[in-house]
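Reading through the structure tokens given below for one structure.
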Amino acid sequence: MSDSPLSDPTTLPDRPSRRRSWAERLARVESRNVTFLGSHPPFWTEAEGVRVRDAAGRSWLDFGGAFGVAFAGHRNPRVVERITAQAARLIHGMGDIHPPAIKVEFLERLAGLLPWSDARTILGLSGSDAVEAALKTAQLATGRPGIIAFEGAYHGLTLGALATTGRSHFRRPFTDRLTDHARHLPFPTASAEAELALERAGALLAREPIGAVIVEPIQGRGGVRIPPSGFLARLHRCARAGGALLIADEIFTGMGRTGATFACEREGVVPDLICTGKALGGGLPLAACSGSAAVMDAWPSSTGEAIHTSTFLGHPLGCAAGLGFLDALESDRLTDRARTLGSRALEILRSELDGCDGVAEVRGQGLMLGVELGGRGVRAPGAVVAQRALELGLIAMPAGERGEVVELTPPAVLADEELEEGLEILVRAIRAVGAECV
Ligand SMILES: Cc1ncc(COP(=O)(O)O)c(C=O)c1O
């Protein structure tokens, strides 16, 4: 990396003036909607494994895993090696006209992990791309435009995906642009709520031309909300009985994060379509919508002008990085690591935060963990904890509709000492903020 070790998180002098100057420069050139500068964010310049460093020389343990992307760690050597080799040969191809050969290699490797023996995939560059492709696939396969989605869901912000995202903050300014075919049901986290949601889904499917039911097996940005066991399987049966496809949005949960390749697997569910992204590209933009041939062949064969494609689809560097990620996933047994490290983290957090003021619940699966904070004293306590943790050398993300959760989605390459160090910082931040929550 550079001459000073990244393993020394907080000893370097904080130089807010320099950070401010990056912030000032950004404010002059980027749309003001994009970056929240009010919290004096660090401007990242380097990252490796679990550590990131900013332009002012400070470093952090990244327990957000860069929105869950760095599941194999930042700059995983297998990813870097694949990208470097590919960059020396071919940087850009013509996705759907003269396909880069490496796209075939990547799709074959991905197919080996998917739950269908004849998996077919449409690649994209972002999670939103994958969701758009899945919604279009469902429309073609069923001939029905309607969609059931869930409150609190996050499926992306492009117009099709946004219609399914269940947070009014993102939807409200664009309501008139969104399809009026999407219906949102409460996302259940308890058995009685699951019964109600299934009943309402059944009623909607009977009444309206619903072609897709889209669900995150665990709501990520919604605050690590885990549905009761059996809900996904019943939702799938309900969708099928009503003539709709079940789309599992595994963009956050997939590729090992929850301790299984796909979170659906833990529930014994093989959905009709799976969306993946984030971790899949090892840090490069890469996403996928996959299904069995029977479902995906709802798309017509291309006769030279594909009806769903884009300039950078199957980008050679993205596919190389994806192959590097899959190399790491397999060789370094990242899924197993996520399961083991996740249970350990849950155990530590539950014991350290037992009886702690303001802590409502500690929950998670694999390396997707959340601490929900309650009480009335602090607005968006998850965000306040995340900010406090940042000051102490740890990156954690606020989540939940009201910012009531602090979420951890660290890389699975985390060493035991890094796990302990990060959790210790988090517990300190929660104790400090929690006392103000009651
Ligand atoms: C479950 C889920 N689906 C879709 C998306 C959208 O992905 P992207 O931001 O890459 O478009 C996200 C992003 O956080 C996500 O968590």
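Ligands are numbered from 1 in the order shown, chains are lettered A, B, ... in the order of the structure tokens, and residues start at 1 in each chain.
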Report as a tab-separated table the residues of chain A within 8 Å of ligand 1, each with its shortest atom pair and distance in Å (one decimal), using only C-alpha atoms and all ligand atoms, ordered by chain and increasing residue number.
```
residue	atom	partner	partner_atom_place_in_ligand_line	distance
A:Phe67	CA	ligand 1	14 (O)	6.7
A:Leu125	CA	ligand 1	10 (O)	7.5
A:Ser126	CA	ligand 1	10 (O)	3.8
A:Gly127	CA	ligand 1	7 (O)	3.3
A:Ser128	CA	ligand 1	11 (O)	3.7
A:Asp129	CA	ligand 1	11 (O)	6.5
A:Ala130	CA	ligand 1	4 (C)	8.0
A:Val131	CA	ligand 1	4 (C)	6.9
A:Ala153	CA	ligand 1	1 (C)	7.4
A:Tyr154	CA	ligand 1	2 (C)	5.2
A:His155	CA	ligand 1	4 (C)	3.6
A:Gly156	CA	ligand 1	6 (C)	3.7
A:Leu157	CA	ligand 1	11 (O)	6.6
A:Thr158	CA	ligand 1	11 (O)	7.5
A:Ala161	CA	ligand 1	4 (C)	7.9
A:Glu216	CA	ligand 1	1 (C)	5.9
A:Gln219	CA	ligand 1	1 (C)	6.8
A:Gly220	CA	ligand 1	16 (O)	5.7
A:Arg221	CA	ligand 1	16 (O)	5.8
A:Asp249	CA	ligand 1	1 (C)	5.5
A:Glu250	CA	ligand 1	1 (C)	6.0
A:Ile251	CA	ligand 1	1 (C)	4.8
A:Phe252	CA	ligand 1	16 (O)	4.7
A:Thr253	CA	ligand 1	1 (C)	7.2
A:Cys275	CA	ligand 1	3 (N)	7.9
A:Gly277	CA	ligand 1	10 (O)	6.5
A:Lys278	CA	ligand 1	10 (O)	6.2
A:Pro285	CA	ligand 1	10 (O)	7.8
A:Ala287	CA	ligand 1	10 (O)	7.6
```
Close residues, Val224 in chain A itself excluded, 7 Å, only C-alpha atoms, min 6 positions apart in chain, as a ChimeraX atom specification: /A:218,364,368-370
Exercise: range 299-301 of chain A partners within 8 Å, only C-alpha atoms, chain neighbours under 2 positions left out, as a list in words: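 Returned residues: Thr137, Leu140, Ala141, Met296, Asp297 and Thr303 of chain A.
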Residues flagged strand (DSSP E) by DSSP in range 84-233 of chain A, as a PyMOL selection string: chain A and resi 120-124+146-150+182-185+210-215
Expected file: the selected residues, all heavy atoms, as a tab-separated table (two decimals), in the first residue's frame:
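So the final result, stored in again.tsv, reads:
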```tsv
chain	number	residue	atom	x	y	z
A	120	ARG	N	-29.54	-18.99	-16.65
A	120	ARG	CA	-29.28	-17.97	-17.67
A	120	ARG	C	-29.23	-16.63	-16.96
A	120	ARG	O	-29.99	-16.40	-16.02
A	120	ARG	CB	-30.39	-17.91	-18.72
A	120	ARG	CG	-30.64	-19.24	-19.42
A	120	ARG	CD	-29.55	-19.51	-20.47
A	120	ARG	NE	-29.90	-20.65	-21.30
A	120	ARG	CZ	-29.61	-21.93	-21.01
A	120	ARG	NH1	-28.98	-22.23	-19.90
A	120	ARG	NH2	-29.96	-22.89	-21.84
A	121	THR	N	-28.37	-15.73	-17.44
A	121	THR	CA	-28.13	-14.47	-16.72
A	121	THR	C	-28.12	-13.28	-17.66
A	121	THR	O	-27.68	-13.39	-18.81
A	121	THR	CB	-26.78	-14.57	-15.96
A	121	THR	OG1	-26.93	-15.47	-14.87
A	121	THR	CG2	-26.30	-13.24	-15.44
A	122	ILE	N	-28.62	-12.17	-17.16
A	122	ILE	CA	-28.41	-10.87	-17.83
A	122	ILE	C	-27.51	-10.06	-16.91
A	122	ILE	O	-27.86	-9.84	-15.73
A	122	ILE	CB	-29.74	-10.10	-18.02
A	122	ILE	CG1	-30.69	-10.87	-18.95
A	122	ILE	CG2	-29.48	-8.70	-18.57
A	122	ILE	CD1	-32.09	-10.25	-19.07
A	123	LEU	N	-26.38	-9.62	-17.42
A	123	LEU	CA	-25.46	-8.83	-16.58
A	123	LEU	C	-25.83	-7.35	-16.60
A	123	LEU	O	-26.47	-6.88	-17.54
A	123	LEU	CB	-24.02	-9.00	-17.07
A	123	LEU	CG	-23.41	-10.39	-16.87
A	123	LEU	CD1	-22.01	-10.44	-17.50
A	123	LEU	CD2	-23.35	-10.74	-15.38
A	124	GLY	N	-25.42	-6.67	-15.57
A	124	GLY	CA	-25.61	-5.22	-15.50
A	124	GLY	C	-24.45	-4.62	-14.73
A	124	GLY	O	-23.50	-5.33	-14.36
A	146	GLY	N	-48.23	-6.04	-12.81
A	146	GLY	CA	-48.29	-5.71	-11.38
A	146	GLY	C	-47.10	-6.27	-10.60
A	146	GLY	O	-46.51	-7.29	-10.96
A	147	ILE	N	-46.78	-5.56	-9.51
A	147	ILE	CA	-45.64	-5.96	-8.68
A	147	ILE	C	-46.06	-5.85	-7.21
A	147	ILE	O	-46.67	-4.86	-6.82
A	147	ILE	CB	-44.44	-5.01	-8.88
A	147	ILE	CG1	-44.03	-4.94	-10.36
A	147	ILE	CG2	-43.25	-5.44	-8.02
A	147	ILE	CD1	-43.17	-3.73	-10.68
A	148	ILE	N	-45.71	-6.86	-6.44
A	148	ILE	CA	-45.82	-6.72	-4.97
A	148	ILE	C	-44.42	-6.54	-4.42
A	148	ILE	O	-43.49	-7.30	-4.76
A	148	ILE	CB	-46.48	-7.97	-4.33
A	148	ILE	CG1	-47.96	-8.05	-4.74
A	148	ILE	CG2	-46.36	-7.91	-2.81
A	148	ILE	CD1	-48.69	-9.28	-4.20
A	149	ALA	N	-44.26	-5.50	-3.62
A	149	ALA	CA	-42.98	-5.26	-2.94
A	149	ALA	C	-43.29	-4.98	-1.47
A	149	ALA	O	-44.45	-5.09	-1.06
A	149	ALA	CB	-42.27	-4.08	-3.59
A	150	PHE	N	-42.26	-4.65	-0.70
A	150	PHE	CA	-42.48	-4.50	0.75
A	150	PHE	C	-42.04	-3.13	1.25
A	150	PHE	O	-41.09	-2.54	0.74
A	150	PHE	CB	-41.74	-5.62	1.49
A	150	PHE	CG	-42.42	-6.95	1.29
A	150	PHE	CD1	-42.07	-7.76	0.21
A	150	PHE	CD2	-43.44	-7.36	2.12
A	150	PHE	CE1	-42.73	-8.96	-0.01
A	150	PHE	CE2	-44.11	-8.56	1.91
A	150	PHE	CZ	-43.75	-9.37	0.84
A	182	ALA	N	-47.23	-0.92	-8.78
A	182	ALA	CA	-46.53	-1.52	-7.62
A	182	ALA	C	-47.35	-1.35	-6.35
A	182	ALA	O	-47.91	-0.29	-6.09
A	182	ALA	CB	-45.16	-0.88	-7.46
A	183	ARG	N	-47.43	-2.42	-5.57
A	183	ARG	CA	-48.14	-2.40	-4.28
A	183	ARG	C	-47.14	-2.77	-3.18
A	183	ARG	O	-46.36	-3.71	-3.37
A	183	ARG	CB	-49.27	-3.44	-4.26
A	183	ARG	CG	-50.25	-3.32	-5.41
A	183	ARG	CD	-51.27	-2.19	-5.18
A	183	ARG	NE	-52.10	-1.97	-6.34
A	183	ARG	CZ	-51.85	-1.06	-7.30
A	183	ARG	NH1	-50.80	-0.26	-7.22
A	183	ARG	NH2	-52.65	-0.95	-8.34
A	184	HIS	N	-47.21	-2.06	-2.07
A	184	HIS	CA	-46.29	-2.36	-0.97
A	184	HIS	C	-47.02	-2.93	0.23
A	184	HIS	O	-48.01	-2.37	0.68
A	184	HIS	CB	-45.53	-1.08	-0.57
A	184	HIS	CG	-44.50	-0.68	-1.58
A	184	HIS	ND1	-44.79	0.12	-2.65
A	184	HIS	CD2	-43.19	-1.00	-1.68
A	184	HIS	CE1	-43.70	0.28	-3.39
A	184	HIS	NE2	-42.71	-0.39	-2.82
A	185	LEU	N	-46.49	-4.03	0.73
A	185	LEU	CA	-47.06	-4.66	1.93
A	185	LEU	C	-46.09	-4.49	3.08
A	185	LEU	O	-44.87	-4.41	2.86
A	185	LEU	CB	-47.27	-6.17	1.68
A	185	LEU	CG	-48.24	-6.55	0.57
A	185	LEU	CD1	-48.30	-8.07	0.41
A	185	LEU	CD2	-49.63	-5.99	0.87
A	210	ILE	N	-50.86	-9.31	-11.02
A	210	ILE	CA	-49.50	-9.23	-10.44
A	210	ILE	C	-48.60	-10.25	-11.15
A	210	ILE	O	-48.93	-11.43	-11.21
A	210	ILE	CB	-49.54	-9.56	-8.93
A	210	ILE	CG1	-50.50	-8.65	-8.16
A	210	ILE	CG2	-48.13	-9.55	-8.33
A	210	ILE	CD1	-50.05	-7.22	-7.99
A	211	GLY	N	-47.46	-9.79	-11.66
A	211	GLY	CA	-46.52	-10.69	-12.33
A	211	GLY	C	-45.26	-10.93	-11.53
A	211	GLY	O	-44.49	-11.85	-11.83
A	212	ALA	N	-45.00	-10.09	-10.53
A	212	ALA	CA	-43.75	-10.21	-9.77
A	212	ALA	C	-43.96	-9.91	-8.30
A	212	ALA	O	-44.68	-8.97	-7.96
A	212	ALA	CB	-42.70	-9.25	-10.33
A	213	VAL	N	-43.33	-10.72	-7.47
A	213	VAL	CA	-43.25	-10.41	-6.04
A	213	VAL	C	-41.76	-10.26	-5.77
A	213	VAL	O	-40.98	-11.20	-5.99
A	213	VAL	CB	-43.85	-11.54	-5.18
A	213	VAL	CG1	-43.68	-11.22	-3.70
A	213	VAL	CG2	-45.32	-11.75	-5.51
A	214	ILE	N	-41.35	-9.07	-5.37
A	214	ILE	CA	-39.90	-8.85	-5.15
A	214	ILE	C	-39.63	-8.66	-3.67
A	214	ILE	O	-40.34	-7.91	-2.98
A	214	ILE	CB	-39.37	-7.66	-6.00
A	214	ILE	CG1	-37.86	-7.50	-5.78
A	214	ILE	CG2	-40.10	-6.34	-5.71
A	214	ILE	CD1	-37.17	-6.65	-6.84
A	215	VAL	N	-38.62	-9.35	-3.18
A	215	VAL	CA	-38.35	-9.32	-1.74
A	215	VAL	C	-36.86	-9.49	-1.46
A	215	VAL	O	-36.16	-10.22	-2.18
A	215	VAL	CB	-39.16	-10.44	-1.02
A	215	VAL	CG1	-38.71	-11.84	-1.43
A	215	VAL	CG2	-39.14	-10.29	0.50
```
Can you check which parts of range 315-414 of chain A lie within 12 Å of range 54-58 of chain A? Per residue, the shortest pair of atoms and distance in Å to one decimal, counting only C-alpha atoms, sorted by chain and number, as CSV.
```
residue,atom,partner,partner_atom,distance
A:Leu390,CA,A:Arg58,CA,10.7
A:Glu391,CA,A:Arg58,CA,10.3
A:Leu392,CA,A:Arg58,CA,10.9
A:Gly393,CA,A:Arg58,CA,8.5
A:Leu394,CA,A:Arg58,CA,11.1
```
Based on the selection just made, write C-alpha atoms of those residues as a JSON list (two decimals), in the first residue's frame.
```
[["chain", "number", "residue", "atom", "x", "y", "z"],
["A", 390, "LEU", "CA", -16.28, 7.07, 12.82],
["A", 391, "GLU", "CA", -14.59, 9.47, 15.23],
["A", 392, "LEU", "CA", -13.24, 6.45, 17.11],
["A", 393, "GLY", "CA", -11.83, 4.70, 14.02],
["A", 394, "LEU", "CA", -14.65, 2.46, 12.82]]
```
Backbone DSSP call of helix (DSSP H, G or I) for range 24-262 of chain A, listed as a ChimeraX atom specification: /A:24-29,65-68,77-87,101-111,127-142,159-162,168-177,191-207,231-241
Residue neighbourhood Val69 in chain A, 8 Å, only C-alpha atoms, exclusion window fewer than 6 positions, as a list in words: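 Result of the neighbour search: Lys278, Ala279, Leu280, Gly281, Gly282 and Gly283 of chain A.
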Shell of 12 Å around Thr311 in chain A, only C-alpha atoms, local chain residues under 5 positions omitted, as a list in words: His92, Gly93, Met94, Gly95, Asp96, Ile97, His98, Pro99, Leu123, Gly124, Leu125, Ala306 and Pro316 of chain A
Only C-alpha atoms, please: the residues just picked out, written as a PDB file, in the first residue's frame.
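New file out-v1.pdb:
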```
ATOM      1  CA  HIS A  92     -13.509  -2.858 -23.286  1.00  0.00           C
ATOM      2  CA  GLY A  93     -15.408  -5.184 -25.597  1.00  0.00           C
ATOM      3  CA  MET A  94     -18.774  -4.948 -27.295  1.00  0.00           C
ATOM      4  CA  GLY A  95     -21.048  -6.603 -24.745  1.00  0.00           C
ATOM      5  CA  ASP A  96     -23.781  -7.984 -26.994  1.00  0.00           C
ATOM      6  CA  ILE A  97     -22.274  -7.623 -30.470  1.00  0.00           C
ATOM      7  CA  HIS A  98     -18.700  -8.930 -30.254  1.00  0.00           C
ATOM      8  CA  PRO A  99     -18.773 -10.345 -26.727  1.00  0.00           C
ATOM      9  CA  LEU A 123     -25.464  -8.831 -16.579  1.00  0.00           C
ATOM     10  CA  GLY A 124     -25.606  -5.220 -15.499  1.00  0.00           C
ATOM     11  CA  LEU A 125     -23.443  -2.656 -13.777  1.00  0.00           C
ATOM     12  CA  ALA A 306     -31.190  -6.802 -28.230  1.00  0.00           C
ATOM     13  CA  PRO A 316     -14.112  -7.260 -19.475  1.00  0.00           C
TER      14      PRO A 316
END
```
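Within the 6 Å cut-off around range 422-431 of chain A, using only C-alpha atoms and omitting residues fewer than 6 positions from it on the same chain, the listed residues are A:Val385, A:Arg388, A:Ala389.
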Any chance you could tabulate, as a Markdown table, the residues of range 380-406 of chain A at most 12 Å from range 352-360 of chain A with each one's nearest atom pair and distance in Å to one decimal, using only C-alpha atoms, in chain and rising number order?
```
| residue | atom | partner | partner_atom | distance |
| --- | --- | --- | --- | --- |
| A:Pro381 | CA | A:Gly358 | CA | 9.0 |
| A:Gly382 | CA | A:Val359 | CA | 10.4 |
| A:Val385 | CA | A:Gly358 | CA | 11.3 |
| A:Glu404 | CA | A:Ala360 | CA | 9.6 |
| A:Val405 | CA | A:Ala360 | CA | 9.5 |
| A:Val406 | CA | A:Val359 | CA | 10.6 |
```
Of the listed residues A:Gly318, A:Leu286, A:Pro115, A:Ala192, that which approaches Glu265 in chain A most closely, counting only C-alpha atoms: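 When distances to Glu265 in chain A are compared using only C-alpha atoms, the smallest one comes from A:Pro115.
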Spatial neighbours of Arg51 in chain A, max dist 7 Å, only C-alpha atoms, sep filter under 2 positions, as a PyMOL selection string: chain A and resi 6+47-49+53+59-62
